[in-house]
file run07.txt (compact mmCIF, C-alpha atoms)
# COMPACT_ATOMS: atom_id res chain seq x y z
CA MET X 1 -137.04 259.42 -152.16
CA LYS X 2 -139.91 259.16 -154.61
CA LYS X 3 -141.63 255.87 -154.84
CA ASN X 4 -143.03 254.47 -158.04
CA HIS X 5 -146.01 252.42 -157.02
CA LYS X 6 -146.34 250.76 -160.41
CA ASN X 7 -142.99 249.02 -160.69
CA LYS X 8 -141.42 249.47 -157.27
CA PHE X 9 -138.21 251.02 -158.67
CA LYS X 10 -136.83 254.14 -157.02
CA THR X 11 -134.78 257.07 -158.33
CA PRO X 12 -132.54 259.41 -156.29
CA GLU X 13 -134.13 262.64 -155.06
CA GLY X 14 -134.17 265.32 -157.80
CA TYR X 15 -132.81 262.96 -160.44
CA PHE X 16 -135.13 264.17 -163.20
CA ASP X 17 -134.98 267.82 -162.15
CA ASN X 18 -131.35 268.32 -163.22
CA PHE X 19 -131.16 265.54 -165.84
CA HIS X 20 -130.94 268.01 -168.73
CA ASP X 21 -128.10 269.98 -167.15
CA ARG X 22 -126.11 266.86 -166.44
CA LEU X 23 -126.62 265.62 -169.99
CA ILE X 24 -125.36 268.89 -171.47
CA ASP X 25 -122.32 268.73 -169.16
CA LYS X 26 -121.55 265.24 -170.35
CA ILE X 27 -121.82 266.24 -174.03
CA ASN X 28 -119.50 269.20 -173.43
CA GLN X 29 -117.06 266.95 -171.62
CA GLU X 30 -117.00 264.48 -174.50
CA GLU X 31 -116.46 267.27 -177.00
CA ALA X 32 -113.62 268.62 -174.89
CA VAL X 33 -112.04 265.15 -174.84
CA HIS X 34 -112.42 264.99 -178.61
CA GLU X 35 -110.75 268.39 -178.95
CA GLU X 36 -107.87 267.16 -176.83
CA SER X 37 -107.39 264.10 -179.00
CA ILE X 38 -103.80 262.98 -179.35
CA ILE X 39 -104.24 262.89 -183.14
CA PRO X 40 -102.38 265.94 -184.54
CA ARG X 41 -104.49 268.47 -186.47
CA SER X 42 -101.93 268.78 -189.26
CA ASP X 43 -100.36 265.86 -191.12
CA GLY X 44 -97.08 267.60 -192.03
CA PHE X 45 -97.27 267.46 -195.82
CA ALA X 46 -95.83 270.35 -197.81
CA VAL X 47 -96.14 271.34 -201.45
CA PRO X 48 -93.33 272.80 -203.62
CA GLU X 49 -93.52 276.57 -203.98
CA GLY X 50 -95.52 277.75 -206.97
CA TYR X 51 -96.65 274.22 -207.86
CA LEU X 52 -100.39 274.89 -207.74
CA GLU X 53 -100.01 278.15 -209.75
CA HIS X 54 -98.18 276.34 -212.54
CA LEU X 55 -100.48 273.35 -212.64
CA PRO X 56 -103.32 274.66 -214.89
CA PRO X 57 -101.10 275.56 -217.91
CA GLU X 58 -99.34 272.18 -217.59
CA VAL X 59 -102.62 270.22 -217.59
CA LEU X 60 -104.00 272.31 -220.46
CA SER X 61 -100.87 271.74 -222.55
CA LYS X 62 -101.19 267.99 -222.02
CA ILE X 63 -104.81 268.03 -223.09
CA ASN X 64 -104.03 270.07 -226.23
CA HIS X 65 -101.16 267.71 -226.98
CA LYS X 66 -103.35 264.66 -226.62
CA LYS X 67 -106.12 266.25 -228.68
CA THR X 68 -103.91 266.54 -231.79
CA LYS X 69 -105.27 264.26 -234.47
CA VAL X 70 -102.97 261.42 -235.34
CA VAL X 71 -102.68 260.85 -239.09
CA GLN X 72 -102.51 257.19 -239.91
CA LEU X 73 -99.25 256.63 -241.76
CA ASN X 74 -100.16 253.34 -243.27
CA PRO X 75 -103.81 252.57 -243.99
CA TYR X 76 -102.97 248.95 -244.88
CA LYS X 77 -101.64 248.32 -241.39
CA LYS X 78 -104.58 246.09 -240.42
CA PHE X 79 -103.79 243.71 -243.29
CA TYR X 80 -100.26 243.35 -241.97
CA TYR X 81 -101.60 241.71 -238.82
CA SER X 82 -103.35 238.92 -240.73
CA ALA X 83 -100.28 238.45 -242.96
CA ALA X 84 -98.03 238.33 -239.88
CA ALA X 85 -100.36 235.82 -238.20
CA ALA X 86 -100.30 233.52 -241.27
CA ALA X 87 -96.49 233.78 -241.48
CA ALA X 88 -96.19 232.99 -237.76
CA VAL X 89 -98.32 229.84 -238.10
CA PHE X 90 -96.28 228.76 -241.16
CA LEU X 91 -92.95 229.28 -239.38
CA LEU X 92 -94.17 227.60 -236.22
CA TYR X 93 -95.33 224.49 -238.15
CA PHE X 94 -92.11 224.06 -240.13
CA GLY X 95 -89.92 225.18 -237.28
CA LEU X 96 -91.32 222.46 -235.02
CA ASN X 97 -90.91 219.74 -237.68
CA VAL X 98 -87.43 220.71 -238.88
CA ASN X 99 -86.00 221.17 -235.43
CA SER X 100 -87.46 218.00 -233.97
CA GLU X 101 -84.25 216.07 -233.21
CA PRO X 102 -84.30 212.83 -231.20
CA ASP X 103 -83.59 213.11 -227.48
CA ILE X 104 -80.05 212.46 -226.33
CA SER X 105 -79.72 209.21 -224.37
CA PHE X 106 -77.04 207.74 -222.12
CA GLU X 107 -75.83 205.50 -224.96
CA ASP X 108 -74.87 208.57 -226.97
CA LEU X 109 -72.14 209.41 -224.51
CA ALA X 110 -68.64 208.38 -225.60
CA ASP X 111 -66.77 206.06 -223.22
CA ALA X 112 -63.95 208.58 -223.07
CA GLU X 113 -66.38 211.18 -221.72
CA ILE X 114 -67.69 208.79 -219.08
CA ASN X 115 -64.16 207.84 -218.00
CA ALA X 116 -63.12 211.48 -217.94
CA TYR X 117 -66.12 212.20 -215.73
CA PHE X 118 -65.24 209.45 -213.24
CA ASP X 119 -61.57 210.41 -213.25
CA GLY X 120 -62.22 214.08 -212.81
CA THR X 121 -64.96 213.89 -210.20
CA ASP X 122 -64.21 213.38 -206.57
CA PHE X 123 -67.15 211.28 -205.38
CA ASP X 124 -65.85 210.96 -201.84
CA PHE X 125 -67.74 207.70 -201.20
CA SER X 126 -67.71 206.33 -197.69
CA SER X 127 -66.58 202.72 -197.18
CA TYR X 128 -70.20 201.79 -196.47
CA GLU X 129 -71.36 203.26 -199.81
CA LEU X 130 -68.53 201.45 -201.64
CA ALA X 131 -69.41 198.14 -199.97
CA LYS X 132 -72.98 198.54 -201.20
CA VAL X 133 -72.07 198.95 -204.87
CA VAL X 134 -68.91 196.82 -205.22
CA ASP X 135 -69.22 193.04 -205.06
CA ILE X 136 -66.43 191.91 -202.67
CA GLU X 137 -66.24 188.44 -204.22
CA GLU X 138 -65.03 189.86 -207.51
CA LEU X 139 -62.69 192.35 -205.95
CA THR X 140 -58.94 191.77 -206.17
CA LEU X 141 -56.11 193.66 -204.52
CA ASN X 142 -55.12 195.34 -207.75
CA ASP X 143 -58.57 196.94 -208.09
CA VAL X 144 -57.91 199.20 -205.12
CA LEU X 145 -54.17 199.80 -205.50
CA GLU X 146 -52.89 202.64 -207.61
CA THR X 147 -49.56 200.82 -208.33
CA GLN X 148 -50.18 197.46 -209.88
CA LEU X 149 -48.52 194.55 -208.06
CA GLU X 150 -47.08 191.76 -210.10
CA ASP X 151 -46.92 188.23 -208.65
CA GLU X 152 -43.13 188.33 -208.77
CA ASN X 153 -43.05 191.43 -206.59
CA ILE X 154 -45.25 189.78 -204.03
CA LEU X 155 -43.12 186.65 -203.91
CA GLN X 156 -39.98 188.72 -203.61
CA TYR X 157 -41.49 190.65 -200.69
CA LEU X 158 -42.54 187.50 -198.92
CA ASP X 159 -39.17 185.90 -199.54
CA GLU X 160 -37.38 188.81 -197.98
CA ASN X 161 -39.66 189.29 -195.03
CA LEU X 162 -40.75 185.84 -194.01
CA GLU X 163 -38.51 183.42 -192.16
CA ASP X 164 -39.91 180.34 -193.78
CA LEU X 165 -41.81 180.81 -196.98
CA ASP X 166 -43.01 177.21 -196.80
CA ASP X 167 -45.18 178.05 -193.78
CA LEU X 168 -47.57 179.81 -196.11
CA ASN X 169 -48.33 176.56 -197.95
CA LEU X 170 -48.37 178.34 -201.26
CA ASP X 171 -49.04 176.42 -204.37
CA TYR X 172 -45.87 177.17 -206.25
CA VAL X 173 -47.24 175.95 -209.51
CA ASP X 174 -49.27 179.19 -209.76
CA TYR X 175 -46.13 181.31 -209.38
CA GLU X 176 -43.71 179.58 -211.68
CA MET E 1 -117.24 281.23 -208.78
CA ILE E 2 -119.66 280.24 -211.50
CA ALA E 3 -122.47 277.79 -210.84
CA GLU E 4 -121.63 274.12 -211.28
CA GLU E 5 -124.38 273.55 -213.84
CA THR E 6 -123.17 276.42 -216.01
CA LEU E 7 -119.62 275.15 -215.81
CA VAL E 8 -120.65 271.65 -216.91
CA ASN E 9 -122.59 273.10 -219.87
CA GLU E 10 -119.63 275.20 -220.92
CA LEU E 11 -117.33 272.20 -220.65
CA LYS E 12 -119.57 270.29 -223.03
CA GLN E 13 -119.55 273.00 -225.69
CA LYS E 14 -116.53 273.17 -228.00
CA GLU E 15 -116.25 276.96 -228.16
CA SER E 16 -116.28 277.48 -224.37
CA GLN E 17 -114.55 274.24 -223.41
CA ALA E 18 -110.96 275.46 -223.00
CA LYS E 19 -111.86 278.44 -220.85
CA ALA E 20 -114.28 276.42 -218.72
CA PHE E 21 -111.68 273.73 -218.20
CA GLU E 22 -109.21 276.28 -216.93
CA VAL E 23 -111.82 277.47 -214.44
CA LEU E 24 -112.48 273.88 -213.39
CA VAL E 25 -108.77 273.16 -212.80
CA ASN E 26 -108.31 276.39 -210.86
CA THR E 27 -111.37 275.71 -208.72
CA TYR E 28 -110.58 272.14 -207.76
CA LYS E 29 -106.79 271.75 -208.08
CA GLU E 30 -106.02 272.36 -204.42
CA ARG E 31 -108.77 270.24 -202.93
CA LEU E 32 -108.05 267.34 -205.26
CA TYR E 33 -104.31 267.69 -204.72
CA TRP E 34 -104.65 267.21 -200.96
CA HIS E 35 -107.14 264.40 -201.39
CA ILE E 36 -104.73 262.49 -203.66
CA ARG E 37 -101.64 263.42 -201.64
CA ARG E 38 -103.12 261.83 -198.51
CA ILE E 39 -103.56 258.58 -200.42
CA VAL E 40 -100.29 258.32 -202.37
CA LEU E 41 -98.19 260.40 -199.88
CA ASN E 42 -95.44 261.46 -202.30
CA HIS E 43 -95.62 264.83 -204.13
CA ASP E 44 -94.37 263.63 -207.54
CA ASP E 45 -96.81 260.72 -207.57
CA THR E 46 -99.60 263.09 -206.52
CA ASP E 47 -98.73 265.38 -209.44
CA ASP E 48 -99.00 262.46 -211.91
CA VAL E 49 -102.30 261.24 -210.48
CA LEU E 50 -103.77 264.76 -210.28
CA GLN E 51 -102.96 265.49 -213.93
CA ASN E 52 -104.39 262.15 -215.00
CA THR E 53 -107.52 262.89 -212.99
CA PHE E 54 -108.08 266.21 -214.77
CA ILE E 55 -107.39 264.62 -218.16
CA LYS E 56 -109.97 261.90 -217.39
CA VAL E 57 -112.49 264.51 -216.28
CA TYR E 58 -111.94 266.43 -219.52
CA ARG E 59 -112.30 263.35 -221.71
CA ASN E 60 -115.37 262.02 -219.93
CA ILE E 61 -117.28 265.22 -219.30
CA GLU E 62 -119.63 264.32 -222.17
CA GLY E 63 -120.73 261.27 -220.19
CA PHE E 64 -121.35 263.25 -217.01
CA LYS E 65 -125.11 263.15 -216.56
CA GLY E 66 -125.34 265.41 -213.54
CA ASP E 67 -126.87 262.69 -211.34
CA SER E 68 -124.31 263.58 -208.69
CA LYS E 69 -122.49 266.82 -208.06
CA LEU E 70 -119.50 267.63 -210.26
CA TYR E 71 -117.10 267.83 -207.32
CA SER E 72 -118.15 264.41 -205.97
CA TRP E 73 -117.75 262.89 -209.47
CA MET E 74 -114.25 264.38 -209.67
CA TYR E 75 -113.39 263.18 -206.18
CA ARG E 76 -114.50 259.68 -207.19
CA ILE E 77 -112.24 259.76 -210.26
CA ALA E 78 -109.35 261.06 -208.13
CA THR E 79 -109.90 258.32 -205.51
CA ASN E 80 -110.02 255.55 -208.12
CA GLU E 81 -106.97 256.92 -209.94
CA SER E 82 -104.99 257.07 -206.67
CA LEU E 83 -105.90 253.54 -205.58
CA THR E 84 -105.19 252.16 -209.07
CA PHE E 85 -101.85 253.97 -209.08
CA LEU E 86 -100.87 252.33 -205.77
CA LYS E 87 -101.94 248.90 -207.04
CA GLN E 88 -99.82 249.30 -210.18
CA LYS E 89 -96.88 250.50 -208.12
CA SER E 90 -96.97 247.51 -205.77
CA LYS E 91 -97.21 245.18 -208.77
CA LYS E 92 -94.23 246.87 -210.42
CA LEU E 93 -92.14 246.60 -207.25
CA GLY E 94 -93.26 243.01 -206.60
CA VAL E 95 -94.55 243.76 -203.10
CA SER E 96 -97.95 243.42 -201.44
CA ASP E 97 -100.26 246.44 -201.05
CA GLU E 98 -99.54 246.50 -197.29
CA GLU E 99 -95.77 246.35 -197.82
CA LEU E 100 -95.98 249.22 -200.29
CA LYS E 101 -97.96 251.38 -197.84
CA MET E 102 -95.33 250.84 -195.13
CA LYS E 103 -92.54 251.56 -197.63
CA LEU E 104 -94.21 254.83 -198.65
CA VAL E 105 -94.41 255.90 -195.00
CA GLU E 106 -90.72 254.97 -194.50
CA ASN E 107 -89.83 257.13 -197.51
CA LEU E 108 -91.46 260.14 -195.83
CA GLN E 109 -88.47 260.38 -193.48
CA SER E 110 -86.26 261.50 -196.36
CA ASP E 111 -89.00 263.37 -198.26
CA VAL E 112 -88.20 267.08 -198.58
CA TYR E 113 -91.90 267.85 -198.88
CA PHE E 114 -92.78 266.19 -195.60
CA GLU E 115 -92.27 268.50 -192.67
CA GLY E 116 -93.92 266.35 -190.05
CA ASP E 117 -92.43 265.49 -186.68
CA GLN E 118 -92.28 262.06 -185.02
CA ILE E 119 -95.94 262.10 -183.99
CA GLN E 120 -97.04 263.02 -187.53
CA LEU E 121 -94.87 260.24 -188.91
CA LYS E 122 -96.45 257.84 -186.45
CA LEU E 123 -99.87 259.07 -187.56
CA GLN E 124 -98.97 258.05 -191.14
CA GLN E 125 -97.87 254.64 -189.87
CA ALA E 126 -101.20 254.27 -188.09
CA LEU E 127 -103.10 255.31 -191.22
CA ALA E 128 -101.17 252.74 -193.27
CA THR E 129 -102.56 249.97 -191.05
CA LEU E 130 -106.18 250.95 -191.74
CA PRO E 131 -108.33 249.44 -194.51
CA ASP E 132 -108.54 251.76 -197.56
CA LYS E 133 -112.11 252.88 -196.88
CA GLN E 134 -111.52 253.66 -193.20
CA LYS E 135 -108.43 255.67 -194.09
CA LEU E 136 -110.33 257.60 -196.77
CA VAL E 137 -113.23 258.42 -194.44
CA PHE E 138 -110.82 259.53 -191.71
CA THR E 139 -108.69 261.82 -193.90
CA MET E 140 -111.72 263.31 -195.66
CA LYS E 141 -113.43 264.09 -192.36
CA TYR E 142 -110.47 264.94 -190.12
CA PHE E 143 -108.10 266.76 -192.45
CA GLN E 144 -110.27 267.89 -195.35
CA GLU E 145 -113.15 268.70 -193.00
CA MET E 146 -115.76 267.38 -195.41
CA LYS E 147 -119.32 266.80 -194.22
CA TYR E 148 -120.65 263.26 -193.95
CA ASP E 149 -123.18 264.03 -196.73
CA GLU E 150 -120.36 265.02 -199.08
CA ILE E 151 -118.23 261.99 -198.20
CA SER E 152 -121.30 259.80 -198.65
CA GLU E 153 -121.74 261.09 -202.19
CA VAL E 154 -118.08 260.53 -203.08
CA LEU E 155 -117.69 257.07 -201.55
CA GLN E 156 -121.29 256.06 -202.22
CA THR E 157 -121.72 254.77 -198.70
CA SER E 158 -124.48 255.59 -196.23
CA VAL E 159 -123.86 258.30 -193.65
CA GLY E 160 -124.40 255.77 -190.84
CA ALA E 161 -121.73 253.43 -192.18
CA LEU E 162 -119.35 256.38 -192.62
CA LYS E 163 -119.86 257.49 -189.02
CA ALA E 164 -119.09 253.97 -187.82
CA SER E 165 -115.99 253.82 -190.05
CA TYR E 166 -114.76 257.19 -188.80
CA HIS E 167 -115.30 256.25 -185.16
CA LEU E 168 -113.40 252.97 -185.64
CA ALA E 169 -110.57 254.73 -187.46
CA VAL E 170 -110.19 257.31 -184.66
CA LYS E 171 -110.08 254.57 -182.00
CA LYS E 172 -107.48 252.56 -183.95
CA ILE E 173 -105.29 255.61 -184.60
CA GLU E 174 -105.45 256.74 -180.96
CA THR E 175 -104.51 253.26 -179.76
CA TYR E 176 -101.61 253.15 -182.23
CA LEU E 177 -100.35 256.59 -181.18
CA LYS E 178 -100.42 255.61 -177.49
CA ILE E 179 -98.06 252.67 -178.09
CA ASP E 180 -94.45 253.64 -177.29

call {"tool": "encode", "arguments": {"input": "run07.txt", "output": "structure tokens"}}
result
Amino acid sequence: MKKNHKNKFKTPEGYFDNFHDRLIDKINQEEAVHEESIIPRSDGFAVPEGYLEHLPPEVLSKINHKKTKVVQLNPYKKFYYSAAAAAAVFLLYFGLNVNSEPDISFEDLADAEINAYFDGTDFDFSSYELAKVVDIEELTLNDVLETQLEDENILQYLDENLEDLDDLNLDYVDYE
Amino acid sequence: MIAEETLVNELKQKESQAKAFEVLVNTYKERLYWHIRRIVLNHDDTDDVLQNTFIKVYRNIEGFKGDSKLYSWMYRIATNESLTFLKQKSKKLGVSDEELKMKLVENLQSDVYFEGDQIQLKLQQALATLPDKQKLVFTMKYFQEMKYDEISEVLQTSVGALKASYHLAVKKIETYLKID
């Protein structure tokens, strides 16, 4: 082994003698790896037959077509834009003022419509929700019954089903 | 093939314009077709973009100063037209640019002008995941076999940056292709 007296590092025997050869080998190896890349050399695209042959006349015809001078049919066209703009402003101003109707409020709804809405809509309230919105103090039996009960019907029911009507301590004055 | 400078001069003169333009189209149609096709993927879209590119070249030839080469100027127009076309298409379909790219690759499976196998289809999927510039550098170098100097002139990017882009693109594609 060679000794480097200046920095004390050592290199293997003959390291520099064949350095160039080893470097060339490595470059060749890397190139070979590159050649063997898994990326395909062709990307699989095809072109319709005769497409490229027919392309030049097609492009030239488009250019000739686009080159044709367009004759302005109406030279006063630019004045139409300012006239149209003025008319648009005029229509917009009057249109906004004429069509400005007041907003519809809840009061504008007819009672019949409100009733029809409540009759026709199944709200499906839970008993908890009902208890929150309906004051129980003001609630009477007839408010929740579909068939209205008259006092006479109630008395008749009680008379038929109770052994002693007097046990109820009813104030008969109210039912006479 | 006539010299580029002569062709440009003839294109700028009214009496020789038509003939010179025909020469220009015949000279560059194939190279530009493949460049555009690898960006927009579909043949019909490529045809539209290619024709628009030539029409733009024709209309703007007066403004061509000759600071760059004619072919690199045309490639730049073709690249811009292709990318603008894709942007407009994604806007029209209401999808993002990335979604459109994936959709275009999906469409290749039923495209009569795509004869690729599964690995080539996967390559297109991999390319669709790359940023636009990386994809451009890769296709121009790998498939069109352009030199870095030429790509540099078209994309107006330094050769060093292009080499880095290409290297990154290759690594990403290889990794993608290795996934089952």

call {"tool": "closest_residue", "arguments": {"input": "run07.txt", "among": "E:Gln120, E:Thr157, E:Asn26, E:Ser96", "to": "Leu136 (chain E)", "atoms": "only C-alpha atoms"}}
result
E:Thr157

call {"tool": "interface_residues", "arguments": {"input": "run07.txt", "of": "chain E", "to": "chain X", "cutoff": "8 Å", "atoms": "all atoms listed in the file", "output": "PyMOL selection string"}}
result
chain E and resi 22+25-26+29-30+43+51+54-55+113-117+119-120+123-124+142-143+173-174+177

call {"tool": "closest_residue", "arguments": {"input": "run07.txt", "among": "E:Thr84, E:Asn9, E:Gln144, E:Thr129", "to": "Leu32 (chain E)", "atoms": "only C-alpha atoms"}}
result
E:Gln144

call {"tool": "residues_around", "arguments": {"input": "run07.txt", "residues": "Gln125 (chain E)", "least_positions_apart": "5", "cutoff": "9 Å", "atoms": "only C-alpha atoms", "output": "list of chain:residue names"}}
result
E:Lys101, E:Met102, E:Val105, E:Glu106, E:Gln120, E:Tyr176

call {"tool": "atom_distance", "arguments": {"input": "run07.txt", "atom1": "CA of Asp151 (chain X)", "atom2": "CA of Asn115 (chain X)"}}
result
27.7 Å

call {"tool": "closest_residue", "arguments": {"input": "run07.txt", "among": "E:Phe64, E:Phe21, E:Asp149, E:Glu81", "to": "Thr46 (chain E)", "atoms": "all atoms listed in the file"}}
result
E:Glu81

call {"tool": "atom_distance", "arguments": {"input": "run07.txt", "atom1": "CA of Lys163 (chain E)", "atom2": "CA of Lys135 (chain E)"}}
result
12.6 Å

call {"tool": "residues_near_point", "arguments": {"input": "run07.txt", "point": "(-119.7, 265.5, -192.6)", "cutoff": "12 Å", "atoms": "all atoms listed in the file", "output": "PyMOL selection string"}}
result
chain E and resi 137-154+158-160+162-163+166

call {"tool": "atom_distance", "arguments": {"input": "run07.txt", "atom1": "CA of Gln134 (chain E)", "atom2": "CA of His35 (chain E)"}}
result
14.2 Å

call {"tool": "closest_residue", "arguments": {"input": "run07.txt", "among": "E:Val57, E:Leu104, E:Leu41, E:Leu70", "to": "Thr6 (chain E)", "atoms": "all atoms listed in the file"}}
result
E:Leu70

call {"tool": "residues_around", "arguments": {"input": "run07.txt", "residues": "Ile61 (chain E)", "least_positions_apart": "4", "cutoff": "8 Å", "atoms": "all atoms listed in the file", "output": "JSON, numbers by chain"}}
result
{"E": [8, 11, 12, 57]}

call {"tool": "residues_around", "arguments": {"input": "run07.txt", "residues": "Leu7 (chain E)", "least_positions_apart": "6", "cutoff": "10 Å", "atoms": "all atoms listed in the file", "output": "ChimeraX atom specification"}}
result
/E:1,16-17,19-21,23-24,70
